[in-house]
Structure formats: C-alpha cells, structure tokens
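Peer 1: Got a structure for you, written out below as structure tokens; questions coming shortly.
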Amino acid sequence: MKLDTLWIKQIVKASLLLALLSCFSTSAVFDGPMNPSGCTFNDLQNFYLKELGIEGVRLKYKRQRMKNPYMRGFTRPLNNGDFLIALADGLEPSEIRITMAHELVHVRQLLNDKIKRAEFEKHYMIRSFEDEAFRLSLPLAVKFYTKHTCNH
C-alpha cells in the first residue's frame, strides 16, 4: 500500500512538472549560437535526432541546479511518452553540445528498451547504458560544431 502511495505522489509531481515545462520552449534552454554557422538550440536538437535515428518524440527541457556539481544533465521518460531532458545551469555552449548528445543517446536507448531498471542500482560509471552515451556524445558534438551548417 505504501509503495502505491509513493507512485501516486510521483505521478502527481511529474504531471505538475510537465504542466510547468509546457510553458517553456527549447529557446528558453539556450538562446545563443551553438556553432560557428549560427545554428540554434533547435538546430542542435534536430541534428542529433537525425544522426541518432530518433523520430516521433516530443522533448521537454529544463535547466536546473544539479545536486551533484559534476552532473551535467539527465533524461527521464514522462508518462505520456514524452521525455524530459534537464541540463545543468551555467553550461557553456560546448558543454551543452556534448550533454545534449549524451542525453539523446539515452532517449534512443529508452525508446529501444536498452535501459533496465536494475542498472540504476549500480554506480553511475558502471551502468551498461552509459558507455554508449559517452562513446557517441563527443563525436556527435564535434560533427555538429565543425561540419553542420544552418541557413538562417
């Protein structure tokens, strides 16, 4: 019974968070250019989605102060099939590029059922799904920064 109550509280919290987040667009996350071509945060998101083969998802963003100062972001699935991506306050454009790539790898993993709940019991650095996210994030960020152009 107690576990059911905790789940209900979490669902209510997630619903309230989703309602709050719906007030923010992706431009609220970062307004400056994301590469020398002048690409925007939306361009960054769309580039990564295409590169990772992710289609038909809705992403919600928020910036927040992380409890762990070394944490740059996290991804959470929301009840309606959307995903929440939180980015740490104060990230530089280079950190946003890498963190967004990392978190979108997790979105792909979640869509493909590659993340098992038991993995969260392990230390962050030995979770099986983190290896792929770390391996792919830097090359994606470099490709976006050095090769992707936008015509605004």
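Each chain in the structure tokens gets a letter, A, B, ..., in the order shown, and its residues are numbered from 1; ligands are numbered from 1 in order too.
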Taking only C-alpha atoms into account, produce a table as a tab-separated table in which each residue of region 15-121 of chain A with an atom at most 10 Å from an atom of region 125-131 of chain A appears once, together with its shortest atom pair and the distance in Å to one decimal, ordered by chain and rising number.

Peer 2:
residue	atom	partner	partner_atom	distance
A:His102	CA	A:Glu130	CA	8.6
A:Glu103	CA	A:Glu130	CA	9.9
A:Val105	CA	A:Glu130	CA	9.1
A:His106	CA	A:Phe129	CA	7.6
A:Gln109	CA	A:Phe129	CA	7.6
A:Leu110	CA	A:Phe129	CA	9.7
A:Lys114	CA	A:Phe129	CA	7.3
A:Ile115	CA	A:Phe129	CA	6.3
A:Lys116	CA	A:Phe129	CA	8.8
A:Ala118	CA	A:Arg127	CA	9.4
A:Glu119	CA	A:Arg127	CA	5.6
A:Phe120	CA	A:Arg127	CA	7.1
A:Glu121	CA	A:Arg127	CA	8.6

Peer 1: Would you mind listing what lies within 7 Å of Ala101 (chain A) as a VMD selection string, with only C-alpha atoms counted and same-chain residues fewer than 6 positions away left out?

Peer 2: chain A and resid 48 137 140 to 141

Peer 1: Could those residues be written to a file, using all heavy atoms, as a PDB file, in the first residue's frame?

Peer 2:
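Generated output (selection.pdb):
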ATOM      1  N   TYR A  48      20.963  16.123 -33.910  1.00  0.00           N
ATOM      2  CA  TYR A  48      21.206  14.917 -33.108  1.00  0.00           C
ATOM      3  C   TYR A  48      20.106  13.882 -33.307  1.00  0.00           C
ATOM      4  O   TYR A  48      20.385  12.679 -33.414  1.00  0.00           O
ATOM      5  CB  TYR A  48      21.332  15.259 -31.630  1.00  0.00           C
ATOM      6  CG  TYR A  48      22.609  15.979 -31.248  1.00  0.00           C
ATOM      7  CD1 TYR A  48      22.677  16.703 -30.076  1.00  0.00           C
ATOM      8  CD2 TYR A  48      23.751  15.940 -32.047  1.00  0.00           C
ATOM      9  CE1 TYR A  48      23.839  17.369 -29.697  1.00  0.00           C
ATOM     10  CE2 TYR A  48      24.906  16.599 -31.688  1.00  0.00           C
ATOM     11  CZ  TYR A  48      24.951  17.307 -30.501  1.00  0.00           C
ATOM     12  OH  TYR A  48      26.099  17.954 -30.138  1.00  0.00           O
ATOM     13  N   SER A 137      28.705  10.725 -27.655  1.00  0.00           N
ATOM     14  CA  SER A 137      28.407  12.150 -27.459  1.00  0.00           C
ATOM     15  C   SER A 137      29.481  13.086 -28.002  1.00  0.00           C
ATOM     16  O   SER A 137      29.154  14.069 -28.674  1.00  0.00           O
ATOM     17  CB  SER A 137      28.113  12.449 -25.990  1.00  0.00           C
ATOM     18  OG  SER A 137      29.197  12.087 -25.164  1.00  0.00           O
ATOM     19  N   LEU A 140      29.548  13.200 -31.937  1.00  0.00           N
ATOM     20  CA  LEU A 140      28.371  13.916 -32.435  1.00  0.00           C
ATOM     21  C   LEU A 140      28.525  15.416 -32.252  1.00  0.00           C
ATOM     22  O   LEU A 140      28.208  16.208 -33.141  1.00  0.00           O
ATOM     23  CB  LEU A 140      27.109  13.435 -31.718  1.00  0.00           C
ATOM     24  CG  LEU A 140      26.479  12.150 -32.225  1.00  0.00           C
ATOM     25  CD1 LEU A 140      25.380  11.691 -31.277  1.00  0.00           C
ATOM     26  CD2 LEU A 140      25.935  12.328 -33.620  1.00  0.00           C
ATOM     27  N   ALA A 141      29.004  15.818 -31.068  1.00  0.00           N
ATOM     28  CA  ALA A 141      29.186  17.244 -30.785  1.00  0.00           C
ATOM     29  C   ALA A 141      30.222  17.859 -31.716  1.00  0.00           C
ATOM     30  O   ALA A 141      30.037  18.973 -32.220  1.00  0.00           O
ATOM     31  CB  ALA A 141      29.587  17.438 -29.318  1.00  0.00           C
TER      32      ALA A 141
END

Peer 1: Any chance you could list, as a PyMOL selection string, the residues in region 38-117 of chain A that come up strand (DSSP E or B) when DSSP is run on the backbone?

Peer 2: chain A and resi 59-64+73-77+83-88

Peer 1: Once DSSP has gone over the backbone, tell me which residues of chain A are in helix (DSSP H, G or I), as a PyMOL selection string.

Peer 2: chain A and resi 2-21+26-28+41-52+93-111+117-121+124-126+128-147

Peer 1: Go ahead and compute the interatomic distance for CA of Pro93 (chain A) and CA of Ala133 (chain A), in Å to one decimal.

Peer 2: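 Taking CA of Pro93 (chain A) and CA of Ala133 (chain A), their separation equals 18.5 Å.
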
Peer 1: Measure the distance from CA of Lys143 (chain A) to CA of Asn68 (chain A) in Å and round it to one decimal.

Peer 2: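 That distance, rounded to one decimal, is 28.7 Å.
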
Peer 1: Name the closest residue to Phe74 (chain A) among the candidates A:Cys39, A:Phe30, A:Val107, A:Asn46; distances are taken between atoms, counting only C-alpha atoms.

Peer 2: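 Closest to Phe74 (chain A), using only C-alpha atoms: A:Val107.
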
Peer 1: Quick one: of A:Leu52, A:Met66, A:Leu44, A:Val142, who's nearest to Gly32 (chain A), counting only C-alpha atoms?

Peer 2: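 For Gly32 (chain A), the nearest of the given residues is A:Leu44.
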
Peer 1: At a cut-off of 10 Å, using only C-alpha atoms, what residues contact Gln45 (chain A)? Leave out same-chain residues fewer than 3 positions from it and give the result as a PDB file with C-alpha atoms, in the first residue's frame.

Peer 2:
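File produced: out-v4.pdb:
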ATOM      1  CA  THR A  26      13.510  24.983 -26.308  1.00  0.00           C
ATOM      2  CA  THR A  40      20.347  27.399 -32.747  1.00  0.00           C
ATOM      3  CA  PHE A  41      19.496  25.035 -29.926  1.00  0.00           C
ATOM      4  CA  ASN A  42      16.606  23.704 -32.055  1.00  0.00           C
ATOM      5  CA  TYR A  48      21.206  14.917 -33.108  1.00  0.00           C
ATOM      6  CA  LEU A  49      17.764  13.372 -33.566  1.00  0.00           C
ATOM      7  CA  LYS A  50      18.509  12.752 -37.231  1.00  0.00           C
ATOM      8  CA  GLU A  51      22.004  11.403 -36.575  1.00  0.00           C
ATOM      9  CA  LEU A  59      11.182  16.529 -25.794  1.00  0.00           C
ATOM     10  CA  ARG A  97      26.528  20.253 -27.264  1.00  0.00           C
ATOM     11  CA  MET A 100      22.601  17.083 -25.306  1.00  0.00           C
ATOM     12  CA  ALA A 101      24.199  14.372 -27.467  1.00  0.00           C
ATOM     13  CA  LEU A 104      19.652  11.998 -26.597  1.00  0.00           C
TER      14      LEU A 104
END

Peer 1: I'd like the contact shell of Arg76 (chain A) - 8 Å cut-off, only C-alpha atoms, skipping same-chain residues fewer than 6 positions apart - returned as a ChimeraX atom specification.

Peer 2: /A:83-85
